Amino acid sequence: MRLFLLLVAISCASLVYAQPSDAKVKSDAVGNGGGVISFKFTKSTGTRQWNSSAGNWEYVRGVEIKRKSDYPGINMIVNEDVVYQYVGNGGYSFWKVRVLSNRYEGIPNPTASEINNFISKDWAKFYGYYYTTIVKLWHQPMLADNPQWIWHDINSVEFRMKMKFDHIIRATGIETLECIWNVRLYRDDPKAPWKNMLALRSEEAADLKVVGMKNYTVQQMEDFEKQTLAFTMAEQTAKQQQNDLSKIITVPAFNDADEMLRFVHNILRNGNPEQLRAVMLQVLAPGFFVEGSKVQLSGNEERNLADVITAAYNNKVKYKQLYCQEPPYTVEKWGNSNTRKDIVIKSVVDKCNTLFTIDRVNVGYIEGKPVTKLVIMSYGIYVRQDQDVINYINSFSDRKKMCPND
């Protein structure tokens with residue numbers, strides 16, 4: 001028994017030692033030394049620090065190692081911590097090597113400007129879930145004080161960015177959060193531009209700091225929904241698009257529904273997709289738009305308008321082929337309303353009519369007095385695509401036989 005205890009003591013003693021020597025640290029850092037070109041300590045002494053996750057003291061030495069990489073003629077420089085855990089009686093045992101950063105010699109890390117230019121191409125992808133909850137950026141995303149560059153390979157680099165923003169939390173309040181974003185960029189070749197990214201908020205407790213929280217009423221939170229990055233950036237894009245489209249065609253102030261009808265019908269026949277979109281953004285009722293916006297169509301309405309554009313201009317049979325310039329149409333009033341009308345434009349074939357409901361609605365106030373405007377309340381634009389229709393319209397040698405009033 002005494003012999004056994006003595007052997008155990010000797011075995012443990014071989015694993016336990018006081019502050020590791022430089023030679024021991026180097027040996028633990030480089031392993032078998034394969035591919036190592038150079039080695040140096042980043043500081044002359046190590047650091048004794050408490051590891052709350054492990055619940056133990058550890059001794060850390062920082063080192064920098066230059067190694068051959070997998071790419072001929074290109075070396076990798078790695079900065080890492082060699083970590084030892086306290087085992088009692090003033091001794092430490094090797095635990096692990098913690099990589100802090102690495103880089104390829106001769107291949108620079110992307111600059112802050114290069115990073116910002118790339119991530120700004122797709123803010124929705126960069127912010128992820130938070131794109132729909134952030135209501136205020138205290139500053140633009142920026143490189144962390146210690147980016148901790150990690151090159152996974154010569155075409156993929158990971159780094160840290162710091163953020164501070166207000167965001168909606170639990171639909172009842174606004175939280176101010178300081179945090180770290182882990183970002184990884186990808187490319188196909190060292191000389192090629194970055195083409196993709198992965199961006200995620202760090203889940204490390206040390207990387208998250210809640211610096212404020214304020215609760216609001218349901219009504220106040222509804223206003224914050226119109227301040228999110230998703231809403232405001234979409235609003236900016238939609239406004240710019242509308243401004244650009246407004247230069248394509250001028251939409252007049254219509255005096256009556258018939259005048260509006262003839263104008264829209266002419267665009268459907270003789271215009272183009274951009275002109276139709278410019279007109280519809282001006283004449284559609286507020287209900288077609290995202291709540292709180294006059295320029296963002298709702299998702300369903302965007303799809304409906306895209307389908308109409310395809311039907312009118314880009315399918316086998318075009319709107320112009322099935323509707324005369326001076327088409328027959330019917331007008332039906334709604335009850336006692338002097339302004340609301342259902343208008344049906346008849347095509348040259350059966351079972352193919354275009355429908356509009358037009359009314360005058362309140363779109364705001366000036367000095368407390370309502371401002372009204374003629375708008376399209378609903379619409380259905382139909383263009384048949386079956387072979388029988390194609391055969392029918394192709395059978396006419398003179399289009400005036402189909403449209404005698406044109």
# chains A, B, ... in the order shown; residues from 1 in each chain; ligands from 1

call {"tool": "residues_around", "arguments": {"residues": "Lys333 (chain A)", "least_positions_apart": "2", "cutoff": "12 Å", "atoms": "only C-alpha atoms", "output": "VMD selection string"}}
result
chain A and resid 257 330 to 331 335 to 344 356 to 359

call {"tool": "select_by_dssp", "arguments": {"residues": "region 286-400 of chain A", "states": "strand (DSSP E or B)", "output": "number ranges by chain"}}
result
A: 289, 297, 329-333, 341-346, 353-366, 369-380

call {"tool": "closest_atom_pairs", "arguments": {"of": "region 171-284 of chain A", "to": "region 311-322 of chain A", "cutoff": "9 Å", "atoms": "only C-alpha atoms", "output": "CSV"}}
result
residue,atom,partner,partner_atom,distance
A:Leu268,CA,A:Ala312,CA,6.5
A:Arg269,CA,A:Lys320,CA,4.4
A:Asn270,CA,A:Lys320,CA,7.1
A:Gly271,CA,A:Tyr313,CA,8.8
A:Asn272,CA,A:Tyr313,CA,7.0
A:Pro273,CA,A:Tyr313,CA,7.1

call {"tool": "residues_around", "arguments": {"residues": "Gly287 (chain A)", "least_positions_apart": "2", "cutoff": "10 Å", "atoms": "only C-alpha atoms", "output": "PyMOL selection string"}}
result
chain A and resi 284-285+289-291+294+297-298+301+377-378

call {"tool": "closest_atom_pairs", "arguments": {"of": "region 142-243 of chain A", "to": "region 77-99 of chain A", "cutoff": "12 Å", "atoms": "only C-alpha atoms", "output": "JSON lines"}}
result
{"residue": "A:Gln148", "atom": "CA", "partner": "A:Val99", "partner_atom": "CA", "distance": 9.1}
{"residue": "A:Trp149", "atom": "CA", "partner": "A:Asn79", "partner_atom": "CA", "distance": 9.8}
{"residue": "A:Ile150", "atom": "CA", "partner": "A:Val99", "partner_atom": "CA", "distance": 8.5}
{"residue": "A:Trp151", "atom": "CA", "partner": "A:Val78", "partner_atom": "CA", "distance": 9.7}
{"residue": "A:His152", "atom": "CA", "partner": "A:Val78", "partner_atom": "CA", "distance": 11.8}

call {"tool": "write_last_selection", "arguments": {"atoms": "N, CA and C atoms", "output": "mmCIF file, in the first residue's frame"}}
result
data_model
loop_
_atom_site.group_PDB
_atom_site.id
_atom_site.type_symbol
_atom_site.label_atom_id
_atom_site.label_comp_id
_atom_site.auth_asym_id
_atom_site.auth_seq_id
_atom_site.Cartn_x
_atom_site.Cartn_y
_atom_site.Cartn_z
ATOM 1 N N GLN A 148 -10.157 40.407 -32.920
ATOM 2 C CA GLN A 148 -9.852 38.973 -32.826
ATOM 3 C C GLN A 148 -9.980 38.310 -34.205
ATOM 4 N N TRP A 149 -9.223 38.787 -35.145
ATOM 5 C CA TRP A 149 -9.251 38.237 -36.504
ATOM 6 C C TRP A 149 -8.948 36.741 -36.507
ATOM 7 N N ILE A 150 -9.821 35.984 -37.116
ATOM 8 C CA ILE A 150 -9.603 34.543 -37.276
ATOM 9 C C ILE A 150 -9.792 34.205 -38.756
ATOM 10 N N TRP A 151 -8.711 33.796 -39.401
ATOM 11 C CA TRP A 151 -8.798 33.346 -40.789
ATOM 12 C C TRP A 151 -9.050 31.836 -40.780
ATOM 13 N N HIS A 152 -10.250 31.432 -41.190
ATOM 14 C CA HIS A 152 -10.565 30.000 -41.238
ATOM 15 C C HIS A 152 -9.855 29.345 -42.414
#

call {"tool": "atom_distance", "arguments": {"atom1": "CA of Glu178 (chain A)", "atom2": "CA of Gly292 (chain A)"}}
result
29.3 Å

call {"tool": "select_by_dssp", "arguments": {"residues": "region 237-391 of chain A", "states": "alpha helix (DSSP H)", "output": "PyMOL selection string"}}
result
chain A and resi 237-246+257-270+273-283+299-309+319-322+387-391

call {"tool": "closest_residue", "arguments": {"among": "A:Tyr216, A:Tyr392, A:Tyr329, A:Phe254", "to": "Ile168 (chain A)", "atoms": "only C-alpha atoms"}}
result
A:Tyr216

call {"tool": "atom_distance", "arguments": {"atom1": "CA of Leu177 (chain A)", "atom2": "CA of Gly55 (chain A)"}}
result
27.3 Å

call {"tool": "atom_distance", "arguments": {"atom1": "CA of Lys26 (chain A)", "atom2": "CA of Gly62 (chain A)"}}
result
10.3 Å

call {"tool": "residues_around", "arguments": {"residues": "Asn155 (chain A)", "least_positions_apart": "2", "cutoff": "6 Å", "atoms": "only C-alpha atoms", "output": "ChimeraX atom specification"}}
result
/A:153,186-187,190

call {"tool": "residues_around", "arguments": {"residues": "Gln275 (chain A)", "least_positions_apart": "2", "cutoff": "10 Å", "atoms": "only C-alpha atoms", "output": "PyMOL selection string"}}
result
chain A and resi 245-251+264+267-268+270-273+277-280

call {"tool": "closest_residue", "arguments": {"among": "A:Met197, A:Ala171, A:Met163, A:Val135", "to": "Asp122 (chain A)", "atoms": "only C-alpha atoms"}}
result
A:Met197

call {"tool": "closest_residue", "arguments": {"among": "A:Asp258, A:Asp388, A:Asp406, A:Asp307", "to": "Leu374 (chain A)", "atoms": "only C-alpha atoms"}}
result
A:Asp258

call {"tool": "decode", "arguments": {"residues": "region 248-260 of chain A", "atoms": "all heavy atoms", "output": "PDB file, in the first residue's frame"}}
result
ATOM      1  N   ILE A 248     -40.821  59.583 -64.787  1.00  0.00           N
ATOM      2  CA  ILE A 248     -41.160  58.858 -66.007  1.00  0.00           C
ATOM      3  C   ILE A 248     -42.474  59.359 -66.591  1.00  0.00           C
ATOM      4  O   ILE A 248     -42.626  59.477 -67.810  1.00  0.00           O
ATOM      5  CB  ILE A 248     -41.243  57.342 -65.713  1.00  0.00           C
ATOM      6  CG1 ILE A 248     -39.870  56.811 -65.298  1.00  0.00           C
ATOM      7  CG2 ILE A 248     -41.765  56.573 -66.916  1.00  0.00           C
ATOM      8  CD1 ILE A 248     -39.889  55.365 -64.862  1.00  0.00           C
ATOM      9  N   ILE A 249     -43.433  59.653 -65.715  1.00  0.00           N
ATOM     10  CA  ILE A 249     -44.762  60.038 -66.180  1.00  0.00           C
ATOM     11  C   ILE A 249     -45.410  60.967 -65.162  1.00  0.00           C
ATOM     12  O   ILE A 249     -45.200  60.809 -63.949  1.00  0.00           O
ATOM     13  CB  ILE A 249     -45.643  58.792 -66.420  1.00  0.00           C
ATOM     14  CG1 ILE A 249     -46.961  59.172 -67.080  1.00  0.00           C
ATOM     15  CG2 ILE A 249     -45.862  58.016 -65.130  1.00  0.00           C
ATOM     16  CD1 ILE A 249     -47.746  57.968 -67.551  1.00  0.00           C
ATOM     17  N   THR A 250     -46.184  61.912 -65.626  1.00  0.00           N
ATOM     18  CA  THR A 250     -46.916  62.828 -64.758  1.00  0.00           C
ATOM     19  C   THR A 250     -48.356  62.345 -64.624  1.00  0.00           C
ATOM     20  O   THR A 250     -49.038  62.121 -65.629  1.00  0.00           O
ATOM     21  CB  THR A 250     -46.904  64.261 -65.326  1.00  0.00           C
ATOM     22  OG1 THR A 250     -45.546  64.697 -65.435  1.00  0.00           O
ATOM     23  CG2 THR A 250     -47.674  65.209 -64.424  1.00  0.00           C
ATOM     24  N   VAL A 251     -48.778  62.167 -63.391  1.00  0.00           N
ATOM     25  CA  VAL A 251     -50.147  61.727 -63.128  1.00  0.00           C
ATOM     26  C   VAL A 251     -50.972  62.955 -62.746  1.00  0.00           C
ATOM     27  O   VAL A 251     -50.675  63.604 -61.738  1.00  0.00           O
ATOM     28  CB  VAL A 251     -50.187  60.672 -62.004  1.00  0.00           C
ATOM     29  CG1 VAL A 251     -51.623  60.213 -61.759  1.00  0.00           C
ATOM     30  CG2 VAL A 251     -49.294  59.485 -62.354  1.00  0.00           C
ATOM     31  N   PRO A 252     -51.997  63.296 -63.523  1.00  0.00           N
ATOM     32  CA  PRO A 252     -52.785  64.502 -63.228  1.00  0.00           C
ATOM     33  C   PRO A 252     -53.719  64.305 -62.041  1.00  0.00           C
ATOM     34  O   PRO A 252     -53.928  63.178 -61.575  1.00  0.00           O
ATOM     35  CB  PRO A 252     -53.571  64.720 -64.515  1.00  0.00           C
ATOM     36  CG  PRO A 252     -53.743  63.344 -65.075  1.00  0.00           C
ATOM     37  CD  PRO A 252     -52.486  62.607 -64.735  1.00  0.00           C
ATOM     38  N   ALA A 253     -54.272  65.392 -61.544  1.00  0.00           N
ATOM     39  CA  ALA A 253     -55.330  65.327 -60.528  1.00  0.00           C
ATOM     40  C   ALA A 253     -56.641  65.100 -61.274  1.00  0.00           C
ATOM     41  O   ALA A 253     -57.069  65.947 -62.065  1.00  0.00           O
ATOM     42  CB  ALA A 253     -55.369  66.617 -59.733  1.00  0.00           C
ATOM     43  N   PHE A 254     -57.278  63.976 -61.061  1.00  0.00           N
ATOM     44  CA  PHE A 254     -58.463  63.600 -61.828  1.00  0.00           C
ATOM     45  C   PHE A 254     -59.712  64.263 -61.257  1.00  0.00           C
ATOM     46  O   PHE A 254     -59.889  64.348 -60.043  1.00  0.00           O
ATOM     47  CB  PHE A 254     -58.623  62.079 -61.834  1.00  0.00           C
ATOM     48  CG  PHE A 254     -57.445  61.359 -62.425  1.00  0.00           C
ATOM     49  CD1 PHE A 254     -56.537  60.696 -61.609  1.00  0.00           C
ATOM     50  CD2 PHE A 254     -57.238  61.367 -63.792  1.00  0.00           C
ATOM     51  CE1 PHE A 254     -55.444  60.033 -62.150  1.00  0.00           C
ATOM     52  CE2 PHE A 254     -56.140  60.705 -64.348  1.00  0.00           C
ATOM     53  CZ  PHE A 254     -55.243  60.046 -63.528  1.00  0.00           C
ATOM     54  N   ASN A 255     -60.597  64.680 -62.178  1.00  0.00           N
ATOM     55  CA  ASN A 255     -61.847  65.315 -61.760  1.00  0.00           C
ATOM     56  C   ASN A 255     -62.955  64.309 -61.532  1.00  0.00           C
ATOM     57  O   ASN A 255     -63.864  64.545 -60.731  1.00  0.00           O
ATOM     58  CB  ASN A 255     -62.289  66.337 -62.821  1.00  0.00           C
ATOM     59  CG  ASN A 255     -61.305  67.483 -62.951  1.00  0.00           C
ATOM     60  OD1 ASN A 255     -60.876  68.049 -61.950  1.00  0.00           O
ATOM     61  ND2 ASN A 255     -60.936  67.819 -64.186  1.00  0.00           N
ATOM     62  N   ASP A 256     -62.908  63.182 -62.236  1.00  0.00           N
ATOM     63  CA  ASP A 256     -63.946  62.165 -62.063  1.00  0.00           C
ATOM     64  C   ASP A 256     -63.377  60.789 -62.371  1.00  0.00           C
ATOM     65  O   ASP A 256     -62.269  60.648 -62.913  1.00  0.00           O
ATOM     66  CB  ASP A 256     -65.158  62.467 -62.945  1.00  0.00           C
ATOM     67  CG  ASP A 256     -64.800  62.600 -64.414  1.00  0.00           C
ATOM     68  OD1 ASP A 256     -64.158  61.684 -64.972  1.00  0.00           O
ATOM     69  OD2 ASP A 256     -65.153  63.648 -65.017  1.00  0.00           O
ATOM     70  N   ALA A 257     -64.182  59.760 -62.046  1.00  0.00           N
ATOM     71  CA  ALA A 257     -63.741  58.377 -62.193  1.00  0.00           C
ATOM     72  C   ALA A 257     -63.492  58.017 -63.646  1.00  0.00           C
ATOM     73  O   ALA A 257     -62.552  57.269 -63.966  1.00  0.00           O
ATOM     74  CB  ALA A 257     -64.765  57.435 -61.577  1.00  0.00           C
ATOM     75  N   ASP A 258     -64.325  58.535 -64.576  1.00  0.00           N
ATOM     76  CA  ASP A 258     -64.155  58.210 -65.991  1.00  0.00           C
ATOM     77  C   ASP A 258     -62.806  58.713 -66.509  1.00  0.00           C
ATOM     78  O   ASP A 258     -62.142  58.033 -67.297  1.00  0.00           O
ATOM     79  CB  ASP A 258     -65.298  58.834 -66.798  1.00  0.00           C
ATOM     80  CG  ASP A 258     -66.649  58.234 -66.432  1.00  0.00           C
ATOM     81  OD1 ASP A 258     -67.143  58.520 -65.322  1.00  0.00           O
ATOM     82  OD2 ASP A 258     -67.182  57.471 -67.240  1.00  0.00           O
ATOM     83  N   GLU A 259     -62.419  59.885 -66.065  1.00  0.00           N
ATOM     84  CA  GLU A 259     -61.139  60.449 -66.488  1.00  0.00           C
ATOM     85  C   GLU A 259     -59.981  59.580 -65.994  1.00  0.00           C
ATOM     86  O   GLU A 259     -59.022  59.308 -66.727  1.00  0.00           O
ATOM     87  CB  GLU A 259     -61.004  61.874 -65.961  1.00  0.00           C
ATOM     88  CG  GLU A 259     -59.756  62.592 -66.447  1.00  0.00           C
ATOM     89  CD  GLU A 259     -59.637  63.996 -65.880  1.00  0.00           C
ATOM     90  OE1 GLU A 259     -60.521  64.408 -65.101  1.00  0.00           O
ATOM     91  OE2 GLU A 259     -58.636  64.668 -66.192  1.00  0.00           O
ATOM     92  N   MET A 260     -60.056  59.142 -64.727  1.00  0.00           N
ATOM     93  CA  MET A 260     -59.026  58.255 -64.188  1.00  0.00           C
ATOM     94  C   MET A 260     -58.997  56.946 -64.955  1.00  0.00           C
ATOM     95  O   MET A 260     -57.922  56.427 -65.304  1.00  0.00           O
ATOM     96  CB  MET A 260     -59.261  57.989 -62.696  1.00  0.00           C
ATOM     97  CG  MET A 260     -58.279  56.990 -62.104  1.00  0.00           C
ATOM     98  SD  MET A 260     -58.579  56.631 -60.363  1.00  0.00           S
ATOM     99  CE  MET A 260     -57.927  58.103 -59.586  1.00  0.00           C
TER     100      MET A 260
END
